[in-house]
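Participant: Below is input_7.txt; it holds compact mmCIF, C-alpha atoms.
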```
# COMPACT_ATOMS: atom_id res chain seq x y z
CA MET A 1319 89.60 127.61 128.37
CA PHE A 1320 91.71 124.78 129.72
CA THR A 1321 94.88 125.16 131.76
CA LYS A 1322 98.09 123.49 130.61
CA LYS A 1323 97.74 120.88 133.33
CA GLN A 1324 94.17 120.07 132.31
CA LEU A 1325 95.25 119.64 128.71
CA LEU A 1326 98.13 117.36 129.71
CA THR A 1327 95.72 115.24 131.74
CA LYS A 1328 93.18 115.13 128.92
CA GLY A 1329 95.90 113.99 126.54
CA LEU A 1330 97.02 111.31 128.98
CA LEU A 1331 93.49 110.02 129.55
CA SER A 1332 92.66 110.04 125.84
CA VAL A 1333 95.33 107.44 125.07
CA ALA A 1334 94.88 105.39 128.26
CA PRO A 1335 92.45 102.91 126.61
CA HIS A 1336 95.00 102.26 123.89
CA MET A 1337 97.31 100.64 126.45
CA PHE A 1338 95.45 97.38 125.78
CA SER A 1339 97.35 97.20 122.52
CA VAL A 1340 100.45 99.31 123.20
CA ILE A 1341 101.68 97.43 126.28
CA PRO A 1342 101.36 93.83 124.99
CA PHE A 1343 102.82 94.97 121.66
CA GLY A 1344 105.76 96.61 123.45
CA ILE A 1345 106.42 93.49 125.51
CA VAL A 1346 106.42 91.34 122.37
CA CYS A 1347 108.65 93.85 120.60
CA GLY A 1348 111.26 93.68 123.38
CA ALA A 1349 111.04 89.90 123.71
CA ILE A 1350 111.36 89.24 119.97
CA GLY A 1351 114.55 91.28 119.80
CA ILE A 1352 116.17 89.11 122.47
CA GLU A 1353 114.83 85.88 120.91
CA LEU A 1354 116.37 86.88 117.60
CA GLY A 1355 119.73 87.12 119.36
CA PHE A 1356 120.30 90.87 119.61
CA SER A 1357 121.84 92.45 122.69
CA PRO A 1358 119.42 93.90 125.26
CA ILE A 1359 120.99 97.36 125.03
CA LEU A 1360 120.63 97.41 121.27
CA VAL A 1361 117.00 96.27 121.38
CA TYR A 1362 116.11 98.80 124.02
CA SER A 1363 117.97 101.67 122.38
CA MET A 1364 115.67 101.27 119.36
CA SER A 1365 112.70 102.20 121.52
CA ILE A 1366 114.35 105.55 122.18
CA ILE A 1367 116.09 106.15 118.84
CA ILE A 1368 113.36 104.92 116.48
CA PHE A 1369 110.30 104.79 118.79
CA GLY A 1370 108.00 103.10 116.29
CA GLY A 1371 106.58 99.71 117.20
CA ALA A 1372 105.99 97.87 113.96
CA SER A 1373 109.11 99.30 112.33
CA GLN A 1374 111.32 98.16 115.23
CA ILE A 1375 110.14 94.56 114.91
CA VAL A 1376 110.49 94.53 111.11
CA PHE A 1377 113.98 96.01 111.36
CA LEU A 1378 115.24 93.26 113.69
CA GLN A 1379 113.46 90.49 111.80
CA LEU A 1380 114.99 91.60 108.52
CA LEU A 1381 118.52 91.84 109.94
CA SER A 1382 118.32 88.46 111.69
CA GLY A 1383 116.95 86.96 108.48
CA GLY A 1384 120.10 88.05 106.67
CA ALA A 1385 118.75 91.10 104.85
CA SER A 1386 121.17 93.96 104.19
CA THR A 1387 121.14 96.97 106.51
CA LEU A 1388 120.09 99.06 103.51
CA ILE A 1389 116.90 97.04 103.14
CA ALA A 1390 116.23 97.16 106.89
CA VAL A 1391 116.70 100.93 107.07
CA THR A 1392 114.59 101.48 103.94
CA SER A 1393 111.78 99.41 105.44
CA VAL A 1394 111.80 101.51 108.61
CA GLY A 1395 111.64 104.66 106.52
CA VAL A 1396 108.75 103.35 104.41
CA ILE A 1397 106.75 102.05 107.38
CA ASN A 1398 107.20 105.32 109.26
CA SER A 1399 106.56 107.61 106.30
CA ARG A 1400 102.90 107.82 107.37
CA HIS A 1401 104.05 110.27 110.06
CA LEU A 1402 104.48 112.81 107.25
CA LEU A 1403 100.70 112.77 106.90
CA TYR A 1404 100.19 113.15 110.66
CA GLY A 1405 102.63 116.07 110.69
CA ALA A 1406 100.82 117.77 107.81
CA VAL A 1407 97.55 117.55 109.75
CA LEU A 1408 99.03 118.64 113.08
CA SER A 1409 100.99 121.57 111.62
CA GLU A 1410 97.77 123.61 111.57
CA TYR A 1411 97.59 123.44 115.35
CA LEU A 1412 101.30 123.68 116.12
CA GLU A 1413 101.98 126.63 113.80
CA LYS A 1414 102.47 129.18 116.57
CA LEU A 1415 105.07 127.19 118.48
CA SER A 1416 108.72 128.23 118.32
CA PHE A 1417 110.99 126.25 116.00
CA ILE A 1418 112.69 124.51 118.93
CA LYS A 1419 109.38 123.47 120.46
CA LYS A 1420 108.26 122.13 117.09
CA LEU A 1421 111.46 120.10 116.86
CA LEU A 1422 110.93 118.66 120.33
CA ILE A 1423 107.22 117.88 120.16
CA SER A 1424 107.60 116.17 116.76
CA TYR A 1425 109.46 113.32 118.45
CA LEU A 1426 106.25 112.40 120.27
CA VAL A 1427 104.02 112.12 117.18
CA VAL A 1428 102.78 108.51 117.04
CA ASP A 1429 99.63 106.84 115.69
CA GLN A 1430 97.32 106.78 118.70
CA GLY A 1431 98.57 110.09 120.11
CA PHE A 1432 98.08 111.79 116.77
CA ALA A 1433 94.60 110.29 116.42
CA GLU A 1434 93.34 111.31 119.85
CA SER A 1435 94.98 114.74 119.97
CA ASN A 1436 93.79 115.54 116.44
CA LYS A 1437 90.21 114.75 117.51
CA PHE A 1438 90.59 117.11 120.45
CA PHE A 1439 92.18 119.82 118.30
CA GLN A 1440 89.33 119.74 115.78
CA LYS A 1441 86.83 120.50 118.54
CA ASN A 1442 88.97 123.04 120.43
CA LYS A 1443 90.73 125.02 117.72
CA ASP A 1444 90.97 128.22 119.75
CA GLU A 1445 92.66 126.89 122.87
CA PRO A 1446 95.97 128.70 123.41
CA TYR A 1447 97.98 125.76 124.80
CA LEU A 1448 96.69 123.01 122.51
CA HIS A 1449 100.11 121.38 122.19
CA TYR A 1450 99.94 120.30 125.83
CA HIS A 1451 97.32 117.77 124.81
CA LEU A 1452 99.78 116.25 122.36
CA LEU A 1453 102.48 116.31 125.06
CA GLY A 1454 100.09 114.41 127.32
CA SER A 1455 99.06 111.81 124.76
CA GLY A 1456 102.47 111.37 123.11
CA GLY A 1457 104.35 111.52 126.41
CA THR A 1458 102.14 108.84 127.94
CA LEU A 1459 102.61 106.59 124.93
CA TRP A 1460 106.36 107.18 125.04
CA ILE A 1461 106.70 106.26 128.72
CA CYS A 1462 104.49 103.17 128.38
CA TRP A 1463 106.35 102.05 125.26
CA GLN A 1464 109.70 102.34 127.08
CA LEU A 1465 108.45 100.39 130.09
CA ALA A 1466 106.74 97.75 127.96
CA THR A 1467 109.70 97.05 125.66
CA LEU A 1468 112.04 97.06 128.67
CA SER A 1469 109.94 94.50 130.52
CA GLY A 1470 109.75 92.36 127.37
CA ILE A 1471 113.55 92.48 127.12
CA ILE A 1472 114.04 91.52 130.76
CA LEU A 1473 111.19 89.08 131.33
CA GLY A 1474 110.61 87.67 127.86
CA SER A 1475 107.13 87.53 126.32
CA PHE A 1476 105.26 86.83 129.56
CA VAL A 1477 101.87 87.63 128.03
CA PRO A 1478 100.44 84.24 126.99
CA GLU A 1479 100.27 84.02 123.23
CA GLU A 1480 96.96 82.12 123.43
CA LEU A 1481 95.24 85.35 124.48
CA GLY A 1482 95.82 86.65 120.97
CA LEU A 1483 96.39 90.19 122.21
CA LYS A 1484 97.76 91.08 118.79
CA PHE A 1485 94.11 91.43 117.90
CA ALA A 1486 93.95 94.45 120.25
CA VAL A 1487 95.91 96.44 117.65
CA PRO A 1488 93.19 96.53 114.96
CA LEU A 1489 90.60 96.95 117.73
CA THR A 1490 92.18 100.15 119.09
CA PHE A 1491 92.26 101.62 115.60
CA ILE A 1492 88.64 100.60 115.04
CA ALA A 1493 87.84 102.56 118.20
CA ILE A 1494 89.60 105.57 116.70
CA VAL A 1495 87.75 105.68 113.36
CA VAL A 1496 84.40 104.08 114.22
CA GLN A 1497 82.49 107.35 114.68
CA ASP A 1498 83.47 108.42 111.17
CA LEU A 1499 81.42 105.51 109.82
CA LYS A 1500 78.49 107.94 110.13
CA LYS A 1501 79.84 109.90 107.17
CA LEU A 1502 79.56 108.29 103.76
CA ASP A 1503 82.60 110.12 102.37
CA HIS A 1504 84.76 108.76 105.20
CA VAL A 1505 83.36 105.26 104.72
CA ILE A 1506 84.37 105.36 101.05
CA VAL A 1507 87.88 106.51 101.99
CA MET A 1508 88.23 103.85 104.70
CA ILE A 1509 87.11 101.01 102.46
CA THR A 1510 89.46 102.18 99.72
CA CYS A 1511 92.38 102.20 102.15
CA GLY A 1512 91.46 98.86 103.73
CA LEU A 1513 91.01 97.00 100.44
CA SER A 1514 94.20 98.55 99.03
CA SER A 1515 96.13 97.42 102.10
CA LEU A 1516 95.03 93.81 101.49
CA LEU A 1517 95.75 94.08 97.78
CA PHE A 1518 99.24 95.51 98.28
CA PHE A 1519 100.07 93.57 101.44
CA ASP A 1520 102.92 91.71 99.75
CA ALA A 1521 104.45 94.81 98.15
CA PRO A 1522 108.14 95.23 99.07
CA PHE A 1523 109.29 97.05 102.23
CA LYS A 1524 105.81 96.79 103.81
CA SER A 1525 104.94 99.69 101.54
CA TYR A 1526 101.21 98.87 101.70
CA ILE A 1527 101.22 101.00 104.85
CA ILE A 1528 101.83 104.15 102.78
CA ILE A 1529 100.56 103.08 99.32
CA SER A 1530 97.02 102.50 100.55
CA PRO A 1531 96.71 105.86 102.38
CA ILE A 1532 97.94 107.64 99.25
CA ILE A 1533 95.35 105.86 97.10
CA ALA A 1534 92.67 106.61 99.72
CA LEU A 1535 93.61 110.29 99.82
CA PHE A 1536 93.29 110.50 96.02
CA VAL A 1537 89.83 109.02 96.37
CA ALA A 1538 89.13 111.59 99.13
CA ALA A 1539 90.11 114.37 96.73
CA LEU A 1540 87.72 112.93 94.13
CA VAL A 1541 84.93 112.69 96.69
CA LEU A 1542 85.51 116.31 97.69
CA ARG A 1543 85.25 117.38 94.08
CA LEU A 1544 81.98 115.46 93.62
CA LYS A 1545 80.54 116.95 96.80
CA LYS A 1546 80.83 120.48 95.41
CA MET B 201 127.03 98.13 111.51
CA THR B 202 123.79 97.37 113.29
CA TRP B 203 124.23 100.36 115.57
CA SER B 204 124.87 102.81 112.76
CA SER B 205 121.87 101.50 110.84
CA ILE B 206 119.66 101.94 113.93
CA ILE B 207 120.83 105.52 114.23
CA ILE B 208 120.19 106.20 110.54
CA ALA B 209 116.75 104.57 110.80
CA GLY B 210 116.08 106.74 113.85
CA ILE B 211 117.09 109.92 112.07
CA ILE B 212 114.89 109.04 109.07
CA THR B 213 111.98 108.26 111.39
CA TYR B 214 112.46 111.53 113.25
CA PHE B 215 112.44 113.41 109.94
CA THR B 216 109.13 111.77 108.97
CA ARG B 217 107.70 113.18 112.22
CA MET B 218 109.34 116.58 112.13
CA THR B 219 109.41 117.66 108.47
CA MET B 220 105.78 118.70 108.06
CA VAL B 221 105.55 120.21 111.55
CA ALA B 222 108.75 122.23 111.63
CA LEU B 223 110.22 122.57 108.13
CA VAL B 224 107.31 122.95 105.71
CA ASP B 225 105.43 126.23 105.78
CA ARG B 226 101.73 125.49 105.99
CA ASP B 227 100.93 128.25 103.53
CA LEU B 228 102.67 126.18 100.86
CA LEU B 229 99.80 123.70 101.06
CA GLY B 230 96.87 124.77 98.91
CA GLU B 231 93.29 124.89 100.16
CA ARG B 232 92.46 121.68 98.30
CA ILE B 233 95.26 119.80 100.00
CA LYS B 234 94.23 121.13 103.39
CA ALA B 235 90.69 119.90 102.76
CA VAL B 236 91.96 116.44 101.78
CA LEU B 237 94.11 116.27 104.94
CA ALA B 238 90.91 116.11 107.00
CA TYR B 239 90.62 112.53 105.72
CA VAL B 240 94.04 111.41 106.98
CA PRO B 241 92.81 109.26 109.90
CA SER B 242 90.23 107.53 107.67
CA ALA B 243 92.84 107.09 104.94
CA VAL B 244 95.62 105.68 107.14
CA PHE B 245 94.20 103.57 109.97
CA PRO B 246 92.30 101.01 107.86
CA ALA B 247 95.75 100.00 106.52
CA ILE B 248 96.48 98.86 110.08
CA ILE B 249 92.98 97.50 110.79
CA PHE B 250 92.32 95.38 107.68
CA PRO B 251 95.59 93.39 107.63
CA GLY B 252 95.33 93.04 111.44
CA ILE B 253 92.02 91.24 110.99
CA PHE B 254 92.12 89.52 107.62
CA ILE B 255 95.75 88.39 107.36
CA ASN B 256 97.22 85.86 109.79
CA ASP B 257 100.76 85.48 111.16
CA TYR B 258 101.88 83.60 108.06
CA GLY B 259 100.83 86.34 105.67
CA THR B 260 97.83 84.50 104.23
CA PHE B 261 94.13 85.32 104.31
CA ILE B 262 92.07 84.04 107.23
CA ASP B 263 88.96 81.87 106.80
CA MET B 264 85.63 83.63 106.69
CA ASN B 265 84.61 81.98 110.00
CA ASP B 266 87.66 83.31 111.86
CA PRO B 267 86.80 84.64 115.35
CA LYS B 268 88.58 87.92 114.59
CA ILE B 269 85.86 88.82 112.10
CA ILE B 270 83.14 88.39 114.73
CA GLY B 271 85.26 90.30 117.26
CA ALA B 272 85.71 93.17 114.84
CA ILE B 273 81.99 93.32 113.99
CA VAL B 274 81.07 93.39 117.71
CA ALA B 275 83.66 96.14 118.34
CA ILE B 276 82.33 98.22 115.44
CA LEU B 277 78.72 97.93 116.63
CA VAL B 278 79.56 98.64 120.29
CA GLY B 279 81.87 101.51 119.32
CA TYR B 280 79.36 103.04 116.95
CA PHE B 281 76.57 103.16 119.50
CA SER B 282 78.48 103.60 122.78
CA LYS B 283 81.02 106.16 121.48
CA ASN B 284 83.30 104.72 124.14
CA VAL B 285 86.87 103.69 123.30
CA ILE B 286 87.34 101.20 126.16
CA ALA B 287 83.98 99.55 125.47
CA THR B 288 84.91 99.20 121.80
CA ILE B 289 88.24 97.51 122.50
CA LEU B 290 87.04 95.28 125.34
CA SER B 291 83.86 94.15 123.58
CA GLY B 292 85.96 93.08 120.62
CA LEU B 293 88.49 91.26 122.80
CA PHE B 294 85.91 89.54 124.98
CA SER B 295 83.79 88.32 122.09
CA TYR B 296 87.00 87.01 120.48
CA TRP B 297 87.99 85.22 123.70
CA ILE B 298 84.52 83.77 124.19
CA ILE B 299 84.71 82.22 120.74
CA ILE B 300 88.25 80.84 121.03
CA PHE B 301 88.03 79.62 124.65
CA LEU B 302 84.41 78.67 125.25
CA LEU B 303 82.83 77.67 121.97
```
Let me see the file written as structure tokens.
Facilitator:
Amino acid sequence: MFTKKQLLTKGLLSVAPHMFSVIPFGIVCGAIGIELGFSPILVYSMSIIIFGGASQIVFLQLLSGGASTLIAVTSVGVINSRHLLYGAVLSEYLEKLSFIKKLLISYLVVDQGFAESNKFFQKNKDEPYLHYHLLGSGGTLWICWQLATLSGIILGSFVPEELGLKFAVPLTFIAIVVQDLKKLDHVIVMITCGLSSLLFFDAPFKSYIIISPIIALFVAALVLRLKK
Amino acid sequence: MTWSSIIIAGIITYFTRMTMVALVDRDLLGERIKAVLAYVPSAVFPAIIFPGIFINDYGTFIDMNDPKIIGAIVAILVGYFSKNVIATILSGLFSYWIIIFLL
């Protein structure tokens, strides 16, 4: 059995490698907001109020490009709707928490934190304080995101663009799913999602980010039925 | 106007995070759905990976000799065999940098 402190530390360490993508992305996110002419306080407040990298950039780009606020808000909702899937997966492990604790910890559910904590949860189902792992992973990502966007707002995009650190984003997610390439059913689901995302890339409101997972999950259901 | 839309976007985003954790009773989900949920990471993350590799900043497809493809292949191979997250990310980045800076 792990103590709460051990779980917090494990959560923190599990997302540490993902800083290669989170920190440059955060810096760019802060810098873009200023370049587009928004006030520093407004750009930074999004990191606290929305706390969702890609959606923050899209929101500001749409508004500065003259789109209506309705379209900008809808895009944020569509891009972030994938969290519904993360929540559905995590609910199994957070069931025993009080309602208030559920409300609080939900704020910290983000891609990499969900991915790493979910992996830990699958292997350690019976730990009593599991949610501390999510606090560690999500909390670390939150703090780093705040610092990264803040430094981007103050210093501008000081990471040289030639380094192409945007490429670190797909790489961190490759690191998350790569071990599942051992399982044929997961490979089928991944390829379905990946090809759908390219096919629907130009769909309105960046909706490929939720359309392709839905298609892939239908394929997963089919695969499950065939496996029986 | 911008402020109120940020707050609304924030509330919507928070609801996407909180609804399934705090509001929806897990027993409402059938066994089949629970089984399908095990595929969520495999069903979601390729939608970030594929466009991140194959589509460039201008929203068009990259060439088949783009260094990102080599970088991704190296990262997949290193990740598969090393089972190490840092090695996966760094091997992909370094092979990408070697191609764009040295070759």
Participant: Which residues of chain A are close to chain B, meaning at most 7 Å apart when you count only C-alpha atoms, and how do they look as a PyMOL selection string?
Facilitator: chain A and resi 1335+1364+1367-1368+1387+1391+1394-1395+1398-1399+1401-1403+1405-1409+1417+1420-1421+1424-1425+1427+1433+1485-1486+1488-1493+1495-1497+1504+1507-1508+1511-1512+1515-1516+1527+1530-1531+1534-1535+1538-1539
Participant: So how many Å separate atom CA of Ala1466 of chain A and atom CA of Ile1345 of chain A, to one decimal?
Facilitator: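 Between these atoms lies a distance of 4.9 Å.
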Participant: So which residues touch Ile1341 of chain A within 10 Å, counting all atoms listed in the file, skipping near sequence neighbours fewer than 6 positions away, as a VMD selection string?
Facilitator: chain A and resid 1347 1459 1462 to 1467 1469 to 1470 1477 1483
Participant: Rounded to one decimal place, report the atom CA of Pro1446 of chain A-atom CA of Ile1423 of chain A distance in Å.
Facilitator: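 Atom CA of Pro1446 of chain A sits 15.9 Å away from atom CA of Ile1423 of chain A.
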Participant: By how many Å are atom CA of His1449 of chain A and atom CA of Gly1329 of chain A apart?
Facilitator: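 Computed distance, atom CA of His1449 of chain A to atom CA of Gly1329 of chain A, equals 9.6 Å.
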Participant: Considering all atoms listed in the file, state which residue in the set A:Gly1431, A:Gly1383, A:Pro1522, A:Gly1474 is at the smallest distance from Gly1454 of chain A.
Facilitator: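 Among A:Gly1431, A:Gly1383, A:Pro1522, A:Gly1474, it is A:Gly1431 that comes nearest to Gly1454 of chain A.
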Participant: Find the residue from A:Leu1540, A:Leu1378, A:Ile1461, A:His1336 that sits nearest to Ala1349 of chain A; use only C-alpha atoms when measuring.
Facilitator: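 Once distances to Ala1349 of chain A are computed over only C-alpha atoms, the minimum belongs to A:Leu1378.
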Participant: Of the candidates A:Ser1393, A:Gly1371, A:Met1319, A:Gly1355, which one gets nearest to Phe1523 of chain A if we count all atoms listed in the file?
Facilitator: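 Selected residue with least distance to Phe1523 of chain A: A:Ser1393.
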Participant: Of the residues A:Ser1475, A:Gln1440, A:Ser1357, A:Thr1392, which is the one nearest to Val1376 of chain A, using all atoms listed in the file?
Facilitator: A:Thr1392
Participant: Residues at most 8 Å from Ser1332 of chain A, counting all atoms listed in the file, excluding those fewer than 6 positions away in the same chain, as a PDB file with C-alpha atoms, in the coordinates of the input?
Facilitator:
```pdb
ATOM      1  CA  GLU A1434      93.340 111.310 119.850  1.00  0.00           C
ATOM      2  CA  SER A1435      94.980 114.740 119.970  1.00  0.00           C
ATOM      3  CA  SER A1455      99.060 111.810 124.760  1.00  0.00           C
TER       4      SER A1455
END
```
Participant: Which centre and which edge lengths, in Å to one decimal, describe the axis-aligned box that holds all listed atoms of segment 278-285 of chain B after 8 Å is added on each side, as AutoDock Vina command-line options?
Facilitator:
```
--center_x 81.7 --center_y 102.4 --center_z 120.5 --size_x 26.3 --size_y 23.5 --size_z 23.2
```
